[in-house]
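Asker: Data: coords-v3.tsv, TSV, C-alpha atoms.
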```tsv
chain	number	residue	atom	x	y	z
A	1	MET	CA	-7.05	5.14	3.68
A	2	GLY	CA	-6.19	2.00	5.54
A	3	GLN	CA	-3.00	1.48	7.38
A	4	ARG	CA	0.10	0.63	5.51
A	5	GLY	CA	2.98	-1.58	6.54
A	6	GLY	CA	6.66	-1.43	5.70
A	7	THR	CA	8.63	-4.01	3.88
A	8	GLY	CA	10.47	-6.76	5.54
A	9	GLY	CA	13.86	-5.36	4.56
A	10	SER	CA	13.52	-1.93	6.11
A	11	GLY	CA	16.04	-2.69	8.88
A	12	ALA	CA	18.77	-3.68	6.37
A	13	THR	CA	18.13	-0.53	4.36
A	14	ALA	CA	18.59	1.65	7.45
A	15	HIS	CA	21.96	0.02	8.18
A	16	GLU	CA	23.09	0.51	4.58
A	17	ARG	CA	22.11	4.18	4.63
A	18	THR	CA	23.98	4.71	7.91
A	19	LEU	CA	27.09	3.10	6.43
A	20	VAL	CA	26.93	5.27	3.32
A	21	ARG	CA	26.60	8.45	5.41
A	22	VAL	CA	29.68	7.53	7.44
A	23	LEU	CA	31.68	6.43	4.38
A	24	PRO	CA	32.90	9.93	3.24
A	25	VAL	CA	34.47	10.59	6.63
A	26	LEU	CA	35.94	7.11	6.66
A	27	LEU	CA	37.47	7.65	3.22
A	28	LEU	CA	39.11	10.88	4.34
A	29	VAL	CA	40.58	9.27	7.44
A	30	VAL	CA	41.83	6.21	5.55
A	31	GLY	CA	43.28	8.47	2.83
A	32	VAL	CA	45.24	10.55	5.32
A	33	VAL	CA	46.60	7.49	7.10
A	34	TYR	CA	47.48	5.77	3.81
A	35	ASP	CA	49.26	8.81	2.38
A	36	ALA	CA	51.16	9.42	5.61
A	37	LEU	CA	52.39	5.83	5.96
A	38	THR	CA	53.33	5.09	2.34
A	39	PRO	CA	56.20	6.31	0.15
A	40	PRO	CA	55.67	9.52	-1.88
A	41	ALA	CA	55.11	7.53	-5.05
A	42	PHE	CA	51.85	6.24	-3.62
A	43	THR	CA	48.85	8.58	-3.47
A	44	ALA	CA	45.46	8.52	-1.75
A	45	ALA	CA	43.90	10.92	-4.27
A	46	PRO	CA	41.24	8.39	-5.40
A	47	LEU	CA	39.97	8.20	-1.82
A	48	PHE	CA	39.88	11.99	-1.45
A	49	THR	CA	38.09	12.26	-4.79
A	50	ALA	CA	35.46	9.68	-3.87
A	51	ALA	CA	34.56	11.27	-0.51
A	52	PRO	CA	32.62	14.35	-1.79
A	53	LEU	CA	30.95	12.32	-4.55
A	54	ILE	CA	29.54	9.87	-2.02
A	55	ALA	CA	28.52	12.73	0.27
A	56	ALA	CA	26.61	14.57	-2.47
A	57	PRO	CA	23.35	12.55	-2.52
A	58	PHE	CA	23.22	11.95	1.24
A	59	TYR	CA	24.59	15.10	2.90
A	60	SER	CA	23.20	18.60	3.07
A	61	LEU	CA	24.72	21.30	0.87
A	62	LEU	CA	26.90	22.49	3.74
A	63	GLY	CA	27.99	18.94	4.53
A	64	THR	CA	28.96	18.33	0.89
A	65	VAL	CA	30.93	21.59	0.71
A	66	LEU	CA	32.76	20.80	3.96
A	67	THR	CA	33.61	17.31	2.70
A	68	GLY	CA	35.07	18.78	-0.50
A	69	VAL	CA	37.03	21.39	1.46
A	70	ALA	CA	38.36	18.71	3.82
A	71	ALA	CA	39.45	16.53	0.90
A	72	SER	CA	41.21	19.44	-0.80
A	73	ALA	CA	42.88	20.50	2.45
A	74	ALA	CA	44.11	16.96	3.01
A	75	VAL	CA	45.80	16.95	-0.40
A	76	ILE	CA	47.46	20.32	0.29
A	77	VAL	CA	48.70	19.38	3.75
A	78	LEU	CA	49.95	15.93	2.79
A	79	HIS	CA	51.74	16.99	-0.41
A	80	TYR	CA	53.24	20.25	0.73
A	81	GLY	CA	54.20	18.71	4.03
A	82	ASN	CA	56.12	16.08	2.10
A	83	SER	CA	59.21	17.75	0.65
A	84	ALA	CA	59.89	14.71	-1.52
A	85	GLY	CA	56.66	15.09	-3.44
A	86	GLY	CA	56.63	16.84	-6.80
A	87	HIS	CA	54.76	20.11	-7.09
A	88	VAL	CA	53.29	19.17	-10.47
A	89	GLU	CA	51.75	16.00	-9.07
A	90	ALA	CA	50.46	17.92	-6.06
A	91	VAL	CA	48.82	20.62	-8.18
A	92	THR	CA	47.29	17.99	-10.47
A	93	GLU	CA	45.81	16.04	-7.57
A	94	LEU	CA	44.52	19.22	-5.93
A	95	LEU	CA	42.82	20.35	-9.13
A	96	THR	CA	41.31	16.90	-9.55
A	97	VAL	CA	39.91	16.78	-6.02
A	98	ALA	CA	38.68	20.40	-6.20
A	99	THR	CA	36.96	19.79	-9.54
A	100	VAL	CA	35.24	16.68	-8.28
A	101	ALA	CA	34.23	18.53	-5.09
A	102	ALA	CA	32.61	21.28	-7.19
A	103	LEU	CA	30.83	18.61	-9.24
A	104	ALA	CA	29.63	17.02	-5.99
A	105	VAL	CA	28.09	20.32	-4.91
A	106	PHE	CA	26.24	20.51	-8.23
A	107	ILE	CA	25.01	16.92	-7.83
A	108	ASN	CA	23.85	17.73	-4.32
A	109	ARG	CA	21.74	20.61	-5.59
A	110	VAL	CA	20.18	18.45	-8.30
A	111	VAL	CA	19.40	15.67	-5.83
A	112	ARG	CA	17.91	18.11	-3.33
A	113	ARG	CA	15.62	19.60	-5.96
A	114	GLY	CA	14.54	16.10	-6.96
A	115	ASN	CA	13.86	15.23	-3.33
A	116	ASP	CA	11.77	18.36	-2.93
A	117	ARG	CA	9.69	17.43	-5.97
A	118	LEU	CA	9.31	13.89	-4.62
A	119	ALA	CA	8.15	15.24	-1.26
A	120	ILE	CA	5.51	17.34	-3.02
A	121	ALA	CA	4.39	14.34	-5.06
A	122	ARG	CA	4.17	12.23	-1.90
A	123	SER	CA	2.05	14.87	-0.16
A	124	ILE	CA	-0.27	14.99	-3.16
A	125	ALA	CA	-0.50	11.19	-3.18
A	126	GLU	CA	-1.33	11.16	0.53
A	127	ALA	CA	-4.02	13.80	0.03
A	128	THR	CA	-5.44	11.82	-2.89
A	129	GLN	CA	-5.42	8.70	-0.77
A	130	ARG	CA	-7.29	10.36	2.07
A	131	ALA	CA	-9.86	11.76	-0.36
A	132	VAL	CA	-10.44	8.57	-2.36
A	133	LEU	CA	-9.91	5.92	0.34
A	134	PRO	CA	-10.60	7.52	3.71
A	135	GLN	CA	-10.11	5.37	6.76
A	136	PRO	CA	-13.58	4.29	7.97
A	137	ASP	CA	-14.60	4.95	11.55
A	138	PRO	CA	-13.85	2.06	13.91
A	139	ARG	CA	-17.56	1.87	14.79
A	140	ILE	CA	-20.29	2.24	12.17
A	141	GLY	CA	-23.92	1.27	12.69
A	142	GLY	CA	-23.07	-0.70	15.83
A	143	LEU	CA	-20.40	-2.75	14.02
A	144	ASP	CA	-16.65	-2.85	14.73
A	145	LEU	CA	-14.53	-2.21	11.63
A	146	ALA	CA	-10.93	-2.09	10.49
A	147	ALA	CA	-9.50	-1.42	7.03
A	148	ARG	CA	-6.01	-1.72	5.66
A	149	TYR	CA	-4.37	-0.98	2.33
A	150	GLU	CA	-1.00	-2.55	1.54
A	151	ALA	CA	0.69	-1.28	-1.61
A	152	ALA	CA	2.98	-3.71	-3.42
A	153	GLN	CA	5.27	-0.92	-4.63
A	154	ALA	CA	7.42	0.78	-2.01
A	155	ASP	CA	6.28	4.33	-1.17
A	156	ALA	CA	3.08	3.89	-3.17
A	157	PHE	CA	-0.13	5.07	-1.53
A	158	ILE	CA	-3.00	4.13	-3.77
A	159	GLY	CA	-3.64	1.83	-6.69
A	160	GLY	CA	-6.52	-0.15	-8.14
A	161	ASP	CA	-7.86	-1.76	-4.95
A	162	LEU	CA	-10.73	-0.08	-3.13
A	163	TYR	CA	-13.06	-0.25	-0.15
A	164	ALA	CA	-15.82	1.91	1.26
A	165	VAL	CA	-18.25	1.63	4.17
A	166	GLN	CA	-21.41	3.67	4.61
A	167	ASP	CA	-24.18	3.75	7.20
A	168	THR	CA	-27.40	4.19	5.23
A	169	PRO	CA	-31.16	4.10	5.91
A	170	HIS	CA	-31.04	0.55	4.54
A	171	GLY	CA	-28.30	-0.65	6.90
A	172	VAL	CA	-24.53	-0.63	6.80
A	173	ARG	CA	-23.44	-1.10	3.21
A	174	LEU	CA	-19.89	-1.70	2.05
A	175	ILE	CA	-17.88	-2.53	-1.03
A	176	VAL	CA	-14.45	-4.07	-1.57
A	177	GLY	CA	-13.15	-4.22	-5.11
A	178	ASP	CA	-10.20	-4.42	-7.47
A	179	VAL	CA	-9.99	-2.35	-10.65
A	180	ARG	CA	-8.23	-3.86	-13.64
A	181	GLY	CA	-5.06	-2.02	-14.57
A	182	LYS	CA	-2.47	0.15	-12.88
A	183	GLY	CA	-1.49	3.78	-12.62
A	184	MET	CA	-3.67	6.86	-12.79
A	185	GLY	CA	-6.25	5.12	-14.97
A	186	ALA	CA	-6.94	2.64	-12.19
A	187	VAL	CA	-7.06	5.42	-9.60
A	188	ALA	CA	-9.60	7.30	-11.73
A	189	ALA	CA	-11.74	4.16	-11.97
A	190	VAL	CA	-11.51	3.70	-8.18
A	191	ALA	CA	-12.82	7.23	-7.71
A	192	VAL	CA	-15.70	6.53	-10.10
A	193	VAL	CA	-16.68	3.29	-8.33
A	194	ILE	CA	-16.51	4.73	-4.82
A	195	GLY	CA	-18.37	7.90	-5.82
A	196	ALA	CA	-21.13	5.90	-7.48
A	197	PHE	CA	-21.31	3.51	-4.53
A	198	ARG	CA	-21.71	6.26	-1.93
A	199	GLU	CA	-24.54	7.83	-3.88
A	200	ALA	CA	-26.30	4.57	-4.73
A	201	ALA	CA	-25.92	3.15	-1.22
A	202	GLU	CA	-28.00	6.02	0.15
A	203	GLN	CA	-30.64	6.07	-2.57
A	204	GLU	CA	-31.24	2.48	-3.69
A	205	THR	CA	-33.52	0.28	-1.59
A	206	THR	CA	-31.84	-3.01	-2.55
A	207	LEU	CA	-28.23	-4.15	-2.81
A	208	GLU	CA	-28.95	-5.50	-6.28
A	209	ALA	CA	-29.92	-2.00	-7.42
A	210	VAL	CA	-26.67	-0.64	-6.00
A	211	ALA	CA	-24.72	-3.13	-8.12
A	212	GLN	CA	-26.61	-2.07	-11.23
A	213	ARG	CA	-25.87	1.61	-10.54
A	214	LEU	CA	-22.18	0.76	-10.36
A	215	GLU	CA	-22.44	-1.16	-13.62
A	216	ARG	CA	-23.93	1.88	-15.36
A	217	ALA	CA	-21.33	4.23	-13.84
A	218	LEU	CA	-18.47	2.09	-15.16
A	219	ALA	CA	-20.14	1.85	-18.56
A	220	ARG	CA	-20.23	5.65	-18.76
A	221	GLU	CA	-16.58	5.79	-17.68
A	222	GLY	CA	-15.65	3.27	-20.36
A	223	THR	CA	-17.11	5.41	-23.14
A	224	ARG	CA	-14.78	8.24	-22.12
A	225	ARG	CA	-11.67	6.08	-22.45
A	226	ASP	CA	-9.71	5.33	-25.57
A	227	GLY	CA	-7.88	2.22	-26.66
A	228	LEU	CA	-7.75	-1.05	-24.76
A	229	ASP	CA	-9.33	0.20	-21.53
A	230	ALA	CA	-12.46	1.24	-23.40
A	231	PHE	CA	-13.21	-2.44	-24.15
A	232	GLU	CA	-11.51	-4.41	-21.39
A	233	GLY	CA	-11.83	-2.25	-18.29
A	234	PHE	CA	-13.63	-3.98	-15.42
A	235	THR	CA	-13.81	-4.14	-11.63
A	236	THR	CA	-14.25	-7.20	-9.48
A	237	ALA	CA	-16.27	-6.31	-6.40
A	238	VAL	CA	-18.28	-7.71	-3.53
A	239	LEU	CA	-21.04	-5.61	-1.99
A	240	ALA	CA	-22.50	-6.30	1.43
A	241	GLU	CA	-25.48	-5.07	3.45
A	242	ILE	CA	-25.88	-5.56	7.20
A	243	ARG	CA	-29.15	-4.37	8.69
A	244	VAL	CA	-29.63	-3.36	12.29
A	245	GLY	CA	-31.53	-5.99	14.23
A	246	GLU	CA	-30.86	-8.77	11.75
A	247	GLY	CA	-28.29	-11.49	12.36
A	248	CYS	CA	-27.37	-11.87	8.69
A	249	VAL	CA	-25.45	-10.29	5.85
A	250	ARG	CA	-26.56	-9.87	2.24
A	251	LEU	CA	-23.89	-10.17	-0.44
A	252	VAL	CA	-23.65	-9.47	-4.14
A	253	ASN	CA	-20.42	-10.87	-5.57
A	254	ARG	CA	-19.28	-9.71	-9.01
A	255	GLY	CA	-16.30	-11.93	-9.77
A	256	HIS	CA	-14.44	-11.09	-6.56
A	257	PRO	CA	-12.63	-13.36	-4.06
A	258	GLU	CA	-15.17	-14.86	-1.67
A	259	PRO	CA	-15.50	-13.23	1.76
A	260	LEU	CA	-14.85	-15.27	4.88
A	261	LEU	CA	-17.05	-15.58	7.96
A	262	LEU	CA	-15.03	-16.18	11.14
A	263	ARG	CA	-17.28	-17.30	13.97
A	264	GLY	CA	-16.52	-16.54	17.58
A	265	ASP	CA	-15.68	-20.19	18.29
A	266	GLY	CA	-13.06	-20.42	15.53
A	267	ARG	CA	-15.22	-22.03	12.87
A	268	LEU	CA	-14.75	-20.54	9.41
A	269	CYS	CA	-17.14	-20.38	6.46
A	270	VAL	CA	-16.36	-19.34	2.89
A	271	LEU	CA	-19.28	-17.27	1.59
A	272	THR	CA	-19.52	-18.67	-1.92
A	273	PRO	CA	-22.10	-16.96	-4.19
A	274	SER	CA	-25.02	-19.13	-5.29
A	275	GLU	CA	-24.51	-18.02	-8.89
A	276	PRO	CA	-21.26	-16.82	-10.49
A	277	ALA	CA	-21.36	-13.36	-12.03
A	278	LEU	CA	-19.08	-11.32	-14.24
A	279	PRO	CA	-17.19	-8.34	-12.82
A	280	LEU	CA	-18.63	-4.84	-12.97
A	281	GLY	CA	-18.05	-3.10	-16.28
A	282	MET	CA	-18.60	-6.20	-18.41
A	283	GLY	CA	-22.33	-5.76	-18.89
A	284	GLU	CA	-21.97	-5.68	-22.67
A	285	LEU	CA	-21.13	-9.40	-22.57
A	286	GLY	CA	-24.55	-10.31	-21.21
A	287	ALA	CA	-27.44	-9.20	-19.04
A	288	TRP	CA	-28.63	-10.98	-15.93
A	289	PRO	CA	-30.32	-9.85	-12.73
A	290	ASP	CA	-28.08	-9.51	-9.69
A	291	ARG	CA	-29.19	-11.72	-6.82
A	292	ALA	CA	-28.13	-11.06	-3.23
A	293	ASP	CA	-27.18	-14.11	-1.17
A	294	GLU	CA	-28.03	-14.13	2.52
A	295	SER	CA	-25.70	-15.65	5.10
A	296	GLU	CA	-25.84	-15.87	8.85
A	297	PHE	CA	-23.80	-13.24	10.68
A	298	PRO	CA	-24.14	-14.11	14.39
A	299	PRO	CA	-22.97	-12.02	17.36
A	300	GLY	CA	-19.22	-12.25	17.96
A	301	ALA	CA	-18.56	-13.27	14.35
A	302	MET	CA	-16.39	-11.36	11.92
A	303	LEU	CA	-16.51	-10.89	8.15
A	304	LEU	CA	-13.26	-10.61	6.19
A	305	PHE	CA	-13.31	-8.96	2.75
A	306	TYR	CA	-10.09	-8.86	0.73
A	307	THR	CA	-8.65	-8.45	-2.75
A	308	ASP	CA	-6.59	-10.99	-4.65
A	309	GLY	CA	-3.37	-9.39	-3.41
A	310	LEU	CA	-3.97	-11.56	-0.32
A	311	SER	CA	-5.15	-14.83	-1.87
A	312	GLU	CA	-2.64	-14.72	-4.75
A	313	ALA	CA	0.44	-13.85	-2.68
A	314	ARG	CA	3.09	-16.48	-3.47
A	315	ASP	CA	6.07	-17.82	-1.58
A	316	ALA	CA	9.43	-18.69	-3.16
A	317	ALA	CA	8.06	-22.07	-4.32
A	318	GLY	CA	5.05	-20.45	-5.99
A	319	ALA	CA	2.49	-21.60	-3.37
A	320	PHE	CA	-0.43	-19.22	-2.78
A	321	TYR	CA	-1.36	-17.83	0.61
A	322	ASP	CA	-4.77	-19.34	1.43
A	323	PRO	CA	-6.56	-17.17	4.02
A	324	ALA	CA	-9.32	-19.75	4.58
A	325	THR	CA	-6.79	-22.43	5.51
A	326	ARG	CA	-4.64	-20.10	7.58
A	327	LEU	CA	-7.49	-18.59	9.59
A	328	GLY	CA	-9.51	-21.73	10.31
A	329	GLY	CA	-9.71	-22.43	14.04
A	330	ARG	CA	-8.27	-19.07	15.07
A	331	ILE	CA	-10.09	-16.52	17.22
A	332	PHE	CA	-9.75	-12.73	17.22
A	333	PRO	CA	-12.01	-11.67	20.10
A	334	GLY	CA	-13.14	-8.32	21.41
A	335	ARG	CA	-13.64	-4.91	19.87
A	336	GLU	CA	-10.02	-4.89	18.65
A	337	GLY	CA	-10.56	-8.18	16.83
A	338	PRO	CA	-10.79	-6.60	13.34
A	339	HIS	CA	-7.55	-4.65	13.83
A	340	THR	CA	-5.78	-7.72	15.22
A	341	LEU	CA	-6.99	-9.85	12.31
A	342	LEU	CA	-5.74	-7.44	9.64
A	343	ALA	CA	-2.40	-6.90	11.37
A	344	THR	CA	-1.94	-10.67	11.60
A	345	LEU	CA	-2.75	-11.15	7.92
A	346	THR	CA	-0.32	-8.51	6.70
A	347	GLN	CA	2.49	-9.91	8.86
A	348	GLU	CA	1.86	-13.45	7.66
A	349	VAL	CA	1.73	-12.39	4.01
A	350	ARG	CA	5.06	-10.62	4.35
A	351	ARG	CA	6.61	-13.73	5.85
A	352	HIS	CA	4.97	-15.91	3.20
A	353	THR	CA	6.29	-13.81	0.30
A	354	GLY	CA	9.58	-12.78	1.88
A	355	GLY	CA	8.47	-9.16	1.63
A	356	ALA	CA	8.29	-9.29	-2.18
A	357	THR	CA	4.58	-8.81	-2.88
A	358	THR	CA	3.59	-8.16	-6.50
A	359	ASP	CA	0.04	-6.84	-6.09
A	360	ASP	CA	-1.75	-4.32	-3.90
A	361	MET	CA	-3.89	-5.70	-1.10
A	362	ALA	CA	-7.04	-4.18	0.42
A	363	LEU	CA	-8.50	-5.71	3.58
A	364	LEU	CA	-11.72	-4.93	5.43
A	365	ALA	CA	-12.89	-6.69	8.59
A	366	VAL	CA	-16.36	-6.21	10.10
A	367	ARG	CA	-17.35	-7.64	13.48
A	368	ARG	CA	-20.84	-7.95	14.92
A	369	PRO	CA	-20.47	-7.27	18.66
A	370	ALA	CA	-21.21	-10.13	21.00
A	371	THR	CA	-23.96	-9.76	23.58
A	372	GLY	CA	-21.37	-9.37	26.32
A	373	ASP	CA	-19.95	-6.26	24.66
A	374	GLY	CA	-22.80	-4.23	26.08
A	375	LYS	CA	-24.36	-3.41	22.72
A	376	PRO	CA	-27.40	-4.87	21.02
A	377	ALA	CA	-26.30	-7.97	19.13
A	378	GLY	CA	-29.07	-8.04	16.58
A	379	GLU	CA	-29.75	-11.77	16.54
A	380	GLY	CA	-32.94	-11.61	14.50
A	381	ALA	CA	-33.38	-13.65	11.36
A	382	CYS	CA	-32.94	-12.26	7.87
A	383	HIS	CA	-35.97	-10.63	6.31
A	384	GLN	CA	-36.52	-9.98	2.67
A	385	PRO	CA	-36.67	-6.27	1.81
```
Would you write out, as structure tokens, the structure that this file holds?
Answerer:
Amino acid sequence: MGQRGGTGGSGATAHERTLVRVLPVLLLVVGVVYDALTPPAFTAAPLFTAAPLIAAPFYSLLGTVLTGVAASAAVIVLHYGNSAGGHVEAVTELLTVATVAALAVFINRVVRRGNDRLAIARSIAEATQRAVLPQPDPRIGGLDLAARYEAAQADAFIGGDLYAVQDTPHGVRLIVGDVRGKGMGAVAAVAVVIGAFREAAEQETTLEAVAQRLERALAREGTRRDGLDAFEGFTTAVLAEIRVGEGCVRLVNRGHPEPLLLRGDGRLCVLTPSEPALPLGMGELGAWPDRADESEFPPGAMLLFYTDGLSEARDAAGAFYDPATRLGGRIFPGREGPHTLLATLTQEVRRHTGGATTDDMALLAVRRPATGDGKPAGEGACHQP
């Protein structure tokens, strides 16, 4: 899977968690001071009661028990050390604090078991992510690559966005797509698309044939679904093919955001398809032959593929983030250019949205090395297969 970034508010959350962890001790100290400095009619029992309850979800079992014991001991010492205090009130407050402390221990055990289950679920999600969306090698077929997956939901690892890169006998082939829907249904569709792509990319001689294989794979998946997804499930996708020794890229775009070509001198080109096409999985609405568009891909240039989580990210005023406008005139040189580009985009999107993104975002950057990089640049013209 691609790299993931944290939310913009992670620093504030860390401070809040630190404050909450210190709060039980602070309550005990304030309670002791309050009870010692006020007349016997005043009591700090609410503070002693609150301390173990606050400790329960954040402390270990031992820490919660010790907090409850400390609260109960404070009640005993303060009341029995005060000869003016009534024994009935003292016993009542002690029973109250001890009961709440026992309840806090129970809450702690429930929370710990929940955290253990969550940790297992997270490990399964990470394993699923690595299996379905493995991080591509930084160098494939003589090209420099970087991929990144940014989940909109905190602690999420995988959703409906996808990417895959494969070095095949027909050149480096890749796909970036976005499956309609959320949850496990979208993840299942992602697995279907990527599995079909990896097989078709090796076997099919043309990029158009790869797209048709994906169409048939999604059609088969749709027949196994019930309800709404059986009729409305689809995947927007752009497929690309870059052949060794050719200074061009072939693209088949099925209703996906248009890739960007960033030249080494800062010029930017939007790779608009010559003919619009419906997304994958909507073949029942009409039949038409896929046609690959060819675009120049010179040495030192970089291709950016992305999902609509980037182009539809909004700021507080509702304005979209426009990658073509933001990236025009900017240069990301060298072999680390793809990584620098994706890191820059994710940071800018977080600032643009204030950290409140509403959709997952998959990014893939591919750079053709410049001649000075010491690798063959492949400046030949495009040739029809």
Asker: Neighbours of Val29 in chain A within 12 Å (only C-alpha atoms; same-chain residues fewer than 6 positions away dropped), as a compact mmCIF listing (two decimals) with C-alpha atoms, in the coordinates of the input?
Answerer:
```
# COMPACT_ATOMS: atom_id res chain seq x y z
CA VAL A 22 29.68 7.53 7.44
CA LEU A 23 31.68 6.43 4.38
CA ASP A 35 49.26 8.81 2.38
CA ALA A 36 51.16 9.42 5.61
CA ALA A 44 45.46 8.52 -1.75
CA LEU A 47 39.97 8.20 -1.82
CA PHE A 48 39.88 11.99 -1.45
CA ALA A 51 34.56 11.27 -0.51
CA THR A 67 33.61 17.31 2.70
CA ALA A 70 38.36 18.71 3.82
CA ALA A 71 39.45 16.53 0.90
CA ALA A 74 44.11 16.96 3.01
```
Asker: Would you pick out the contacts of Leu218 in chain A at 8 Å or less, using all atoms listed in the file, so that residues sharing its chain but fewer than 4 positions from it are not included, and give the list as a list in words?
Answerer: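 Near neighbours after the sequence-gap exclusion: Ala189, Val192, Val193, Leu214, Gly222, Phe234, Leu280 and Gly281 of chain A.
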Asker: Could you state the separation of CA of Leu174 in chain A and CA of Leu341 in chain A in Å, given to one decimal place?
Answerer: 18.4 Å
Asker: For Val252 in chain A, which residue among A:Glu199, A:Asp359, A:Glu221, A:Glu275 is the nearest when counting only C-alpha atoms?
Answerer: A:Glu275
Asker: Neighbouring residues of Arg335 in chain A were defined as those with any atom within 8 Å, considering only C-alpha atoms; residues of the same chain fewer than 4 positions away were excluded. Please report them as an MDAnalysis selection string.
Answerer: chainID A and resid 144 367 369
Asker: Measuring atom to atom with all atoms listed in the file, identify which of A:Asp290, A:Glu202, A:Glu93, A:Glu296 is nearest to Glu246 in chain A.
Answerer: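 Smallest separation from Glu246 in chain A among the options: A:Glu296.
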Asker: Please, what distance in Å, to one decimal, runs between CA of Leu364 in chain A and CA of Arg220 in chain A?
Answerer: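 So the answer is 27.7 Å.
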Asker: Between CA of Val187 in chain A and CA of Pro289 in chain A, what is the spacing in Å?
Answerer: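 CA of Val187 in chain A lies 28.0 Å from CA of Pro289 in chain A.
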Asker: Got a sec: who's within 12 Å of Thr206 in chain A, counting only C-alpha atoms, leaving out chain neighbours fewer than 5 positions off, as a count of residues only?
Answerer: 23
Asker: In terms of the shortest atom-to-atom distance over all atoms listed in the file, which of A:Gly266, A:Glu215, A:Leu304, A:Glu150 is closest to Thr346 in chain A?
Answerer: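 Answer, going by the shortest atom-to-atom distance: A:Glu150.
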Asker: Mind checking which residues fall within 10 Å of Val176 in chain A, counting only C-alpha atoms, ignoring those fewer than 6 positions away in the same chain, and posting them as a list of chain:residue names?
Answerer: A:Asp161, A:Leu162, A:Tyr163, A:Ala164, A:Val165, A:Ile194, A:Thr236, A:Ala237, A:Val238, A:Leu239, A:Ala240, A:Asn253, A:His256, A:Pro257, A:Pro259, A:Phe305, A:Tyr306, A:Thr307, A:Ala362, A:Leu363, A:Leu364
Asker: Of the candidates A:Leu262, A:Glu89, A:Leu303, A:Glu294, which one gets nearest to Ser274 in chain A if we count only C-alpha atoms?
Answerer: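 So, comparing all the options, the nearest one is A:Glu294.
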Asker: Which one of A:Ala217, A:Leu19, A:Val366, A:Ala146 sits closest to Ala343 in chain A if you count all atoms listed in the file?
Answerer: A:Ala146
Asker: Using only C-alpha atoms, which of A:Ala41, A:Ala147, A:Ala319, A:Ile331 sits nearest Ala365 in chain A?
Answerer: A:Ala147
